[in-house]
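Q: First the structure, which I've put down as structure tokens, then a few questions once you've had a look.
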Amino acid sequence: MHLSVRSVTKRFGSVTALDSVDVDVRDGEFVCLLGPSGCGKTTLLRIVAGLEDASGGTVTLDGADLTHTPARHRGFGIVFQSYSLFPNLTAGENIAYGLRLRRVAAAESAARVRTLLDTVGLPGIEERLPHQLSGGQQQRVAVARALAVDPKLLLLDEPLSALDAKVRVSLRDQIRALQRRLGLPTLMVTHDQEEALAISDRVICMNHGRIEQADTPEGLYMRPATRFVAEFVGHMNFLTREDLGRIGPIRLAGGEASGTTVLGIRPEHVRLSPDEGCGNVLSANVVSRQFLGATTRLDVDVNGSRIVVDAPGVAPHVEGDAVILALPPERIREFPA
Ligand SMILES: Nc1ncnc2c1ncn2[C@@H]1O[C@H](COP(=O)(O)OP(=O)(O)OP(=O)(O)O)[C@@H](O)[C@H]1O
Ligand SMILES: [Mg+2]
């Protein structure tokens with residue numbers, strides 16, 4: 001299985017929702033579309049699903065052109081954000097809906113519903129109506145309904161966003177485990193960067209209808225290709241030419257920073273109380289301190305420039321403390337200004 005989206009563009013009147021987008025989902029892969037509200041994630045997913053026509057470009061599956069194939073003939077399973085179950089049908093009827101359209105015999109359909117409810121961890125709830133289920137249970141029924149037709153590809157649009165934090169994490173782990181077990185290629189939309197990093201084989205980071213970077217979670221976080229990605233995924237300290245004017249020259253792994261780029265360093269890569277010989281040692285003052293459990297976040301001032309530092313565990317520093325920190329050259333990334 002290889003889904004391939006090539007140069008897909010979508011215009012709604014004067015709004016360009018997608019601007020020449022390329023996406024691949026390969027056998028067994030879990031791919032997330034990640035980006036801020038309005039960047040075109042749902043539009044892209046709907047075009048892949050066949051629920052929306054592209055203004056240009058192609059969608060192919062194993063080389064076969066799907067661009068003009070209606071949704072019901074694509075053989076994809078779809079789960080939407082919320083309230084996607086038919087409210088007047090029981091859980092069992094919801095799951096069996098696609099099977100009925102395919103004229104699967106009643107006994108076979110009932111057996112399939114039972115198996116699917118076991119698969120999503122909700123055995124025996126066939127007779128319940130959606131309003132008699134929790135949000136998380138409803139979304140699991142929606143996943144079972146999407147799986148009922150043996151989809152070639154699973155499409156999920158923010159299936160977890162309406163759920164509270166604990167349920168969201170637990171259900172995301174279940175979806176990931178299920179996806180692995182079935183080897184089912186999956187394309188999921190989310191605007192939650194932690195969710196995308198945790199669940200994906202690859203993340204496609206979008207902004208304003210374009211793809212900024214498609215990479216593994218580690219690649220996206222450790223080697224962000226653009227300033228947007230660096231800022232959207234995790235926290236990044238940026239040092240501009242003005243900052244370098246205040247804090248002095250900064251050495252990079254490949255030489256001294258020219259000042260025509262913007263430098264970036266993650267809070268957890270800034271070293272507190274650095275060893276002798278560490279590059280880019282700076283004197284700073286702690287402006288504020290937040291204890292976050294696993295780490296302590298310090299906001300420090302260096303000659304009028306601010307740097308956020310994440311120290312492991314309980315940092316002994318308090319507001320007003322003078323600290324010495326270092327920006328290890330190999331941890332600094334450069335972005336176009
Ligand atoms: N049917 C439509 N008619 C006109 N404009 C639309 C339509 N659907 C989407 N848009 C516009 O296209 C852009 C992309 O919308 P889309 O729903 O794909 O964003 P999204 O990334 O899913 O955002 P969110 O995270 O808020 O769901 C937005 O500017 C939106 O206003
Ligand atoms: Mg959306």
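Ligands are numbered from 1 in the order shown, chains are lettered A, B, ... in the order of the structure tokens, and residues start at 1 in each chain.
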Please report, as a Markdown table, each residue of chain A lying at most 7 Å from ligand 1, together with the nearest pair of atoms and the separation in Å rounded to one decimal; use only C-alpha atoms and all ligand atoms, and order rows by chain and ascending residue number.

A:
| residue | atom | partner | partner_atom_place_in_ligand_line | distance |
| --- | --- | --- | --- | --- |
| A:Phe12 | CA | ligand 1 | 4 (C) | 4.7 |
| A:Gly13 | CA | ligand 1 | 4 (C) | 7.0 |
| A:Val15 | CA | ligand 1 | 29 (O) | 6.4 |
| A:Thr16 | CA | ligand 1 | 12 (O) | 6.8 |
| A:Ala17 | CA | ligand 1 | 12 (O) | 4.2 |
| A:Gly35 | CA | ligand 1 | 21 (O) | 6.4 |
| A:Pro36 | CA | ligand 1 | 25 (O) | 5.7 |
| A:Ser37 | CA | ligand 1 | 25 (O) | 3.4 |
| A:Gly38 | CA | ligand 1 | 19 (O) | 3.4 |
| A:Cys39 | CA | ligand 1 | 21 (O) | 4.0 |
| A:Gly40 | CA | ligand 1 | 18 (O) | 3.2 |
| A:Lys41 | CA | ligand 1 | 21 (O) | 3.8 |
| A:Thr42 | CA | ligand 1 | 22 (O) | 3.6 |
| A:Thr43 | CA | ligand 1 | 18 (O) | 3.7 |
| A:Leu44 | CA | ligand 1 | 18 (O) | 6.4 |
| A:His191 | CA | ligand 1 | 25 (O) | 5.9 |

Q: Quick one: DSSP strand (DSSP E) residues in region 77-204 of chain A, as a list in words?

A: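 Answer for region 77-204 of chain A, restricted to strand (DSSP E): Gly77, Ile78, Val79, Leu153, Leu154, Leu155, Leu156, Asp157, Thr186, Leu187, Met188, Val189, Thr190, Arg202, Val203 and Ile204 of chain A.
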
Q: Near region 106-122 of chain A, counting only C-alpha atoms, which residues have an atom at most 9 Å away, once you skip same-chain residues fewer than 6 positions from it, shown as a PDB file with N, CA, C and O atoms, in the first residue's frame?

A:
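To be explicit, this is the file written out as result.pdb:
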ATOM      1  N   GLY A  92     -23.801  -1.108  18.158  1.00  0.00           N
ATOM      2  CA  GLY A  92     -23.715  -2.230  17.217  1.00  0.00           C
ATOM      3  C   GLY A  92     -24.185  -1.834  15.818  1.00  0.00           C
ATOM      4  O   GLY A  92     -23.534  -2.159  14.822  1.00  0.00           O
ATOM      5  N   GLU A  93     -25.302  -1.096  15.756  1.00  0.00           N
ATOM      6  CA  GLU A  93     -25.834  -0.661  14.455  1.00  0.00           C
ATOM      7  C   GLU A  93     -24.898   0.335  13.775  1.00  0.00           C
ATOM      8  O   GLU A  93     -24.744   0.325  12.551  1.00  0.00           O
ATOM      9  N   ILE A  95     -21.637   0.397  14.088  1.00  0.00           N
ATOM     10  CA  ILE A  95     -20.479  -0.340  13.562  1.00  0.00           C
ATOM     11  C   ILE A  95     -20.878  -1.138  12.315  1.00  0.00           C
ATOM     12  O   ILE A  95     -20.121  -1.251  11.352  1.00  0.00           O
ATOM     13  N   ALA A  96     -22.103  -1.661  12.342  1.00  0.00           N
ATOM     14  CA  ALA A  96     -22.555  -2.515  11.234  1.00  0.00           C
ATOM     15  C   ALA A  96     -23.020  -1.714  10.015  1.00  0.00           C
ATOM     16  O   ALA A  96     -23.310  -2.291   8.964  1.00  0.00           O
ATOM     17  N   LEU A  99     -21.359  -2.375   6.818  1.00  0.00           N
ATOM     18  CA  LEU A  99     -21.561  -3.778   6.420  1.00  0.00           C
ATOM     19  C   LEU A  99     -22.940  -3.950   5.782  1.00  0.00           C
ATOM     20  O   LEU A  99     -23.117  -4.707   4.827  1.00  0.00           O
ATOM     21  N   ARG A 100     -23.933  -3.212   6.353  1.00  0.00           N
ATOM     22  CA  ARG A 100     -25.286  -3.284   5.798  1.00  0.00           C
ATOM     23  C   ARG A 100     -25.321  -2.764   4.367  1.00  0.00           C
ATOM     24  O   ARG A 100     -25.942  -3.350   3.481  1.00  0.00           O
ATOM     25  N   GLN A 137     -15.470   6.315  24.916  1.00  0.00           N
ATOM     26  CA  GLN A 137     -16.107   5.089  24.410  1.00  0.00           C
ATOM     27  C   GLN A 137     -16.722   5.334  23.031  1.00  0.00           C
ATOM     28  O   GLN A 137     -16.625   4.499  22.142  1.00  0.00           O
ATOM     29  N   ARG A 140     -14.105   5.193  20.492  1.00  0.00           N
ATOM     30  CA  ARG A 140     -13.660   3.826  20.226  1.00  0.00           C
ATOM     31  C   ARG A 140     -14.665   3.091  19.330  1.00  0.00           C
ATOM     32  O   ARG A 140     -14.283   2.313  18.469  1.00  0.00           O
ATOM     33  N   VAL A 141     -15.955   3.390  19.538  1.00  0.00           N
ATOM     34  CA  VAL A 141     -16.967   2.817  18.644  1.00  0.00           C
ATOM     35  C   VAL A 141     -16.772   3.363  17.224  1.00  0.00           C
ATOM     36  O   VAL A 141     -16.870   2.625  16.238  1.00  0.00           O
ATOM     37  N   VAL A 143     -13.976   4.267  15.927  1.00  0.00           N
ATOM     38  CA  VAL A 143     -12.816   3.561  15.351  1.00  0.00           C
ATOM     39  C   VAL A 143     -13.257   2.168  14.881  1.00  0.00           C
ATOM     40  O   VAL A 143     -12.906   1.737  13.774  1.00  0.00           O
ATOM     41  N   ALA A 144     -14.060   1.483  15.698  1.00  0.00           N
ATOM     42  CA  ALA A 144     -14.552   0.149  15.308  1.00  0.00           C
ATOM     43  C   ALA A 144     -15.370   0.236  14.024  1.00  0.00           C
ATOM     44  O   ALA A 144     -15.250  -0.613  13.139  1.00  0.00           O
ATOM     45  N   ARG A 145     -16.179   1.289  13.906  1.00  0.00           N
ATOM     46  CA  ARG A 145     -16.983   1.459  12.691  1.00  0.00           C
ATOM     47  C   ARG A 145     -16.092   1.672  11.468  1.00  0.00           C
ATOM     48  O   ARG A 145     -16.340   1.126  10.398  1.00  0.00           O
ATOM     49  N   LEU A 147     -13.119   0.514  11.144  1.00  0.00           N
ATOM     50  CA  LEU A 147     -12.387  -0.722  10.861  1.00  0.00           C
ATOM     51  C   LEU A 147     -13.281  -1.799  10.250  1.00  0.00           C
ATOM     52  O   LEU A 147     -12.790  -2.769   9.671  1.00  0.00           O
ATOM     53  N   ALA A 148     -14.613  -1.634  10.392  1.00  0.00           N
ATOM     54  CA  ALA A 148     -15.554  -2.697  10.014  1.00  0.00           C
ATOM     55  C   ALA A 148     -15.420  -3.089   8.549  1.00  0.00           C
ATOM     56  O   ALA A 148     -15.598  -4.246   8.193  1.00  0.00           O
ATOM     57  N   GLN A 174      -3.918   3.299  22.760  1.00  0.00           N
ATOM     58  CA  GLN A 174      -4.696   2.149  22.262  1.00  0.00           C
ATOM     59  C   GLN A 174      -4.787   2.171  20.736  1.00  0.00           C
ATOM     60  O   GLN A 174      -4.665   1.131  20.083  1.00  0.00           O
ATOM     61  N   ILE A 175      -5.021   3.358  20.184  1.00  0.00           N
ATOM     62  CA  ILE A 175      -5.113   3.471  18.725  1.00  0.00           C
ATOM     63  C   ILE A 175      -3.780   3.088  18.087  1.00  0.00           C
ATOM     64  O   ILE A 175      -3.727   2.353  17.095  1.00  0.00           O
ATOM     65  N   LEU A 178      -3.283  -0.716  18.355  1.00  0.00           N
ATOM     66  CA  LEU A 178      -4.189  -1.380  17.416  1.00  0.00           C
ATOM     67  C   LEU A 178      -3.667  -1.235  15.982  1.00  0.00           C
ATOM     68  O   LEU A 178      -3.630  -2.194  15.208  1.00  0.00           O
TER      69      LEU A 178
END

Q: From the set A:Ile324, A:Leu239, A:Leu160, A:Ala105, which residue has the shortest atom-to-atom contact distance to Ser258 (chain A), counting only C-alpha atoms?

A: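 Closest candidate: A:Leu239.
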
Q: Identify which of the residues A:Leu220, A:Ile125, A:Met188, A:Leu101 lies closest to ligand 2, counting only C-alpha atoms and all ligand atoms when measuring atom-to-atom distances.

A: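 Answer, going by the shortest atom-to-atom distance: A:Met188.
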
Q: Which of these residues is nearest to ligand 2, using only C-alpha atoms and all ligand atoms: A:Ser288, A:Ser82, A:Ser20, A:Thr58?

A: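 Using only C-alpha atoms and all ligand atoms, ligand 2 sits closest to A:Ser82.
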
Q: Please identify the alpha helix (DSSP H) residues within region 5-112 of chain A (assignment by DSSP from backbone atoms) and present them as a list of chain:residue names.

A: A:Lys41, A:Thr42, A:Thr43, A:Leu44, A:Leu45, A:Arg46, A:Ile47, A:Val48, A:Ala49, A:Ala91, A:Gly92, A:Glu93, A:Asn94, A:Ile95, A:Ala96, A:Tyr97, A:Gly98, A:Leu99, A:Arg100, A:Leu101, A:Ala106, A:Ala107, A:Glu108, A:Ser109, A:Ala110, A:Ala111, A:Arg112

Q: Any chance you can output those residues with N, CA, C and O atoms as an mmCIF file, in the first residue's frame?

A:
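For reference, selection37.cif as written:
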data_model
loop_
_atom_site.group_PDB
_atom_site.id
_atom_site.type_symbol
_atom_site.label_atom_id
_atom_site.label_comp_id
_atom_site.auth_asym_id
_atom_site.auth_seq_id
_atom_site.Cartn_x
_atom_site.Cartn_y
_atom_site.Cartn_z
ATOM 1 N N LYS A 41 -5.194 21.158 7.451
ATOM 2 C CA LYS A 41 -5.122 19.729 7.781
ATOM 3 C C LYS A 41 -6.387 18.983 7.396
ATOM 4 O O LYS A 41 -6.339 17.944 6.721
ATOM 5 N N THR A 42 -7.536 19.518 7.847
ATOM 6 C CA THR A 42 -8.807 18.845 7.565
ATOM 7 C C THR A 42 -9.078 18.824 6.063
ATOM 8 O O THR A 42 -9.525 17.806 5.513
ATOM 9 N N THR A 43 -8.771 19.934 5.403
ATOM 10 C CA THR A 43 -8.978 20.003 3.953
ATOM 11 C C THR A 43 -8.183 18.907 3.253
ATOM 12 O O THR A 43 -8.697 18.198 2.378
ATOM 13 N N LEU A 44 -6.938 18.730 3.660
ATOM 14 C CA LEU A 44 -6.090 17.702 3.052
ATOM 15 C C LEU A 44 -6.653 16.303 3.324
ATOM 16 O O LEU A 44 -6.739 15.464 2.422
ATOM 17 N N LEU A 45 -7.066 16.066 4.569
ATOM 18 C CA LEU A 45 -7.613 14.755 4.917
ATOM 19 C C LEU A 45 -8.887 14.463 4.121
ATOM 20 O O LEU A 45 -9.107 13.351 3.648
ATOM 21 N N ARG A 46 -9.724 15.498 3.961
ATOM 22 C CA ARG A 46 -10.980 15.319 3.227
ATOM 23 C C ARG A 46 -10.722 15.060 1.738
ATOM 24 O O ARG A 46 -11.469 14.312 1.097
ATOM 25 N N ILE A 47 -9.663 15.648 1.212
ATOM 26 C CA ILE A 47 -9.325 15.378 -0.195
ATOM 27 C C ILE A 47 -8.830 13.936 -0.338
ATOM 28 O O ILE A 47 -9.202 13.233 -1.272
ATOM 29 N N VAL A 48 -8.023 13.491 0.625
ATOM 30 C CA VAL A 48 -7.565 12.086 0.594
ATOM 31 C C VAL A 48 -8.769 11.147 0.712
ATOM 32 O O VAL A 48 -8.865 10.140 0.021
ATOM 33 N N ALA A 49 -9.724 11.521 1.579
ATOM 34 C CA ALA A 49 -10.909 10.679 1.791
ATOM 35 C C ALA A 49 -11.837 10.675 0.583
ATOM 36 O O ALA A 49 -12.642 9.754 0.426
ATOM 37 N N ALA A 91 -24.662 1.277 19.326
ATOM 38 C CA ALA A 91 -23.242 1.101 19.001
ATOM 39 C C ALA A 91 -23.081 0.005 17.942
ATOM 40 O O ALA A 91 -22.366 0.180 16.950
ATOM 41 N N GLY A 92 -23.801 -1.108 18.158
ATOM 42 C CA GLY A 92 -23.715 -2.230 17.217
ATOM 43 C C GLY A 92 -24.185 -1.834 15.818
ATOM 44 O O GLY A 92 -23.534 -2.159 14.822
ATOM 45 N N GLU A 93 -25.302 -1.096 15.756
ATOM 46 C CA GLU A 93 -25.834 -0.661 14.455
ATOM 47 C C GLU A 93 -24.898 0.335 13.775
ATOM 48 O O GLU A 93 -24.744 0.325 12.551
ATOM 49 N N ASN A 94 -24.286 1.196 14.597
ATOM 50 C CA ASN A 94 -23.314 2.141 14.038
ATOM 51 C C ASN A 94 -22.162 1.389 13.367
ATOM 52 O O ASN A 94 -21.759 1.710 12.247
ATOM 53 N N ILE A 95 -21.637 0.397 14.088
ATOM 54 C CA ILE A 95 -20.479 -0.340 13.562
ATOM 55 C C ILE A 95 -20.878 -1.138 12.315
ATOM 56 O O ILE A 95 -20.121 -1.251 11.352
ATOM 57 N N ALA A 96 -22.103 -1.661 12.342
ATOM 58 C CA ALA A 96 -22.555 -2.515 11.234
ATOM 59 C C ALA A 96 -23.020 -1.714 10.015
ATOM 60 O O ALA A 96 -23.310 -2.291 8.964
ATOM 61 N N TYR A 97 -23.051 -0.387 10.151
ATOM 62 C CA TYR A 97 -23.628 0.452 9.107
ATOM 63 C C TYR A 97 -23.016 0.182 7.722
ATOM 64 O O TYR A 97 -23.730 -0.082 6.743
ATOM 65 N N GLY A 98 -21.681 0.206 7.681
ATOM 66 C CA GLY A 98 -20.998 -0.013 6.401
ATOM 67 C C GLY A 98 -21.195 -1.434 5.885
ATOM 68 O O GLY A 98 -21.212 -1.681 4.670
ATOM 69 N N LEU A 99 -21.359 -2.375 6.818
ATOM 70 C CA LEU A 99 -21.561 -3.778 6.420
ATOM 71 C C LEU A 99 -22.940 -3.950 5.782
ATOM 72 O O LEU A 99 -23.117 -4.707 4.827
ATOM 73 N N ARG A 100 -23.933 -3.212 6.353
ATOM 74 C CA ARG A 100 -25.286 -3.284 5.798
ATOM 75 C C ARG A 100 -25.321 -2.764 4.367
ATOM 76 O O ARG A 100 -25.942 -3.350 3.481
ATOM 77 N N LEU A 101 -24.599 -1.624 4.159
ATOM 78 C CA LEU A 101 -24.531 -1.070 2.801
ATOM 79 C C LEU A 101 -23.939 -2.088 1.834
ATOM 80 O O LEU A 101 -24.270 -2.103 0.656
ATOM 81 N N ALA A 106 -26.816 -10.887 8.179
ATOM 82 C CA ALA A 106 -27.001 -10.436 9.568
ATOM 83 C C ALA A 106 -26.105 -11.182 10.557
ATOM 84 O O ALA A 106 -25.468 -10.559 11.418
ATOM 85 N N ALA A 107 -26.047 -12.509 10.452
ATOM 86 C CA ALA A 107 -25.276 -13.290 11.425
ATOM 87 C C ALA A 107 -23.784 -12.970 11.312
ATOM 88 O O ALA A 107 -23.094 -12.794 12.325
ATOM 89 N N GLU A 108 -23.321 -12.845 10.089
ATOM 90 C CA GLU A 108 -21.908 -12.539 9.867
ATOM 91 C C GLU A 108 -21.582 -11.138 10.392
ATOM 92 O O GLU A 108 -20.546 -10.913 11.019
ATOM 93 N N SER A 109 -22.508 -10.209 10.129
ATOM 94 C CA SER A 109 -22.335 -8.835 10.578
ATOM 95 C C SER A 109 -22.279 -8.772 12.103
ATOM 96 O O SER A 109 -21.425 -8.095 12.673
ATOM 97 N N ALA A 110 -23.185 -9.508 12.775
ATOM 98 C CA ALA A 110 -23.217 -9.505 14.246
ATOM 99 C C ALA A 110 -21.911 -10.056 14.814
ATOM 100 O O ALA A 110 -21.369 -9.529 15.800
ATOM 101 N N ALA A 111 -21.382 -11.087 14.182
ATOM 102 C CA ALA A 111 -20.124 -11.673 14.646
ATOM 103 C C ALA A 111 -18.977 -10.680 14.466
ATOM 104 O O ALA A 111 -18.111 -10.530 15.331
ATOM 105 N N ARG A 112 -19.017 -9.994 13.344
ATOM 106 C CA ARG A 112 -17.973 -9.002 13.051
ATOM 107 C C ARG A 112 -18.032 -7.846 14.065
ATOM 108 O O ARG A 112 -17.007 -7.374 14.540
#

Q: Ranking A:Thr60, A:Ser7, A:Thr90, A:Gln139 by minimum distance to Ile211 (chain A) and counting only C-alpha atoms, which one comes first?

A: A:Ser7

Q: Work out how far apart CA of Cys32 (chain A) and CA of Gln138 (chain A) are and give it in Å to one decimal.

A: 21.7 Å

Q: Using only C-alpha atoms, which residues sit within 10 Å of Ala315 (chain A) once same-chain residues fewer than 6 positions away are excluded, as a list in words?

A: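 The residues satisfying every condition are Leu272, Arg289, Gln290, Phe291, Thr295, Thr296, Arg297 and Leu298 of chain A.
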
Q: Could you write out that same residue set with N, CA, C and O atoms as a compact mmCIF listing (two decimals), in the first residue's frame?

A:
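Generated file (result_25.txt):
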# COMPACT_ATOMS: atom_id res chain seq x y z
N LEU A 272 23.59 24.71 32.68
CA LEU A 272 23.76 25.54 33.87
C LEU A 272 25.04 25.09 34.57
O LEU A 272 25.36 23.90 34.56
N ARG A 289 11.10 31.52 37.85
CA ARG A 289 11.36 30.10 38.03
C ARG A 289 10.01 29.39 38.10
O ARG A 289 9.11 29.82 38.83
N GLN A 290 9.86 28.33 37.31
CA GLN A 290 8.64 27.52 37.37
C GLN A 290 9.05 26.08 37.60
O GLN A 290 9.77 25.50 36.78
N PHE A 291 8.56 25.49 38.68
CA PHE A 291 8.84 24.06 38.90
C PHE A 291 7.79 23.24 38.17
O PHE A 291 6.59 23.41 38.39
N THR A 295 11.18 18.78 35.51
CA THR A 295 12.18 19.80 35.23
C THR A 295 11.82 21.09 35.95
O THR A 295 10.68 21.26 36.40
N THR A 296 12.79 21.99 36.02
CA THR A 296 12.52 23.35 36.48
C THR A 296 12.83 24.29 35.34
O THR A 296 13.89 24.20 34.72
N ARG A 297 11.89 25.16 35.01
CA ARG A 297 12.08 26.11 33.90
C ARG A 297 12.50 27.47 34.47
O ARG A 297 11.79 28.06 35.26
N LEU A 298 13.68 27.91 34.04
CA LEU A 298 14.19 29.21 34.49
C LEU A 298 14.19 30.16 33.31
O LEU A 298 14.61 29.80 32.22

Q: Show which residues sit within 12 Å of Asp27 (chain A), as a list in words. Count only C-alpha atoms, and ignore same-chain residues fewer than 2 positions away.

A: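 Residues meeting the cut-off are Met1, His2, Leu3, Ser4, Asp24, Val25, Glu29, Phe30, Val31, Leu61, Asp62, Lys152, Leu153, Leu154, Gln179, Arg180, Leu182, Gly183, Leu184, Pro185, Thr186, Leu187 and Asp201 of chain A.
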
Q: Neighbouring residues of Val229 (chain A) were defined as those with any atom within 10 Å, considering only C-alpha atoms; residues of the same chain fewer than 2 positions away were excluded. Please report them as a ChimeraX atom specification.

A: /A:35,205-207,212-213,220-221,223-227,231-234,236

Q: Using only C-alpha atoms for the distances, tell me which of A:Pro274, A:Gly279, A:Gly320, A:Gly28 is nearest to Asp301 (chain A).

A: A:Gly320

Q: List as a PDB file with C-alpha atoms, in the first residue's frame the protein and nucleic acid residues near Ala146 (chain A), meaning an atom at most 7 Å away when only C-alpha atoms are counted, but skip any in the same chain fewer than 5 places from it.

A:
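Okay, this is what ended up in out.pdb:
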ATOM      1  CA  GLY A  77     -12.008   4.152   7.126  1.00  0.00           C
ATOM      2  CA  ILE A  78     -12.683   7.604   8.543  1.00  0.00           C
ATOM      3  CA  VAL A  79     -13.046   8.890  12.109  1.00  0.00           C
TER       4      VAL A  79
END

Q: Would you please work out which residue, of A:Ile307, A:Leu156, A:Val8, A:Ile247, is nearest to ligand 2 when using only C-alpha atoms and all ligand atoms?

A: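 With only C-alpha atoms and all ligand atoms as the atom set, the closest residue is A:Leu156.
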
Q: In Å, how far is it from atom 1 (Mg, counted along the ligand's line) of ligand 2 to CA of Leu133 (chain A)?

A: 24.2 Å
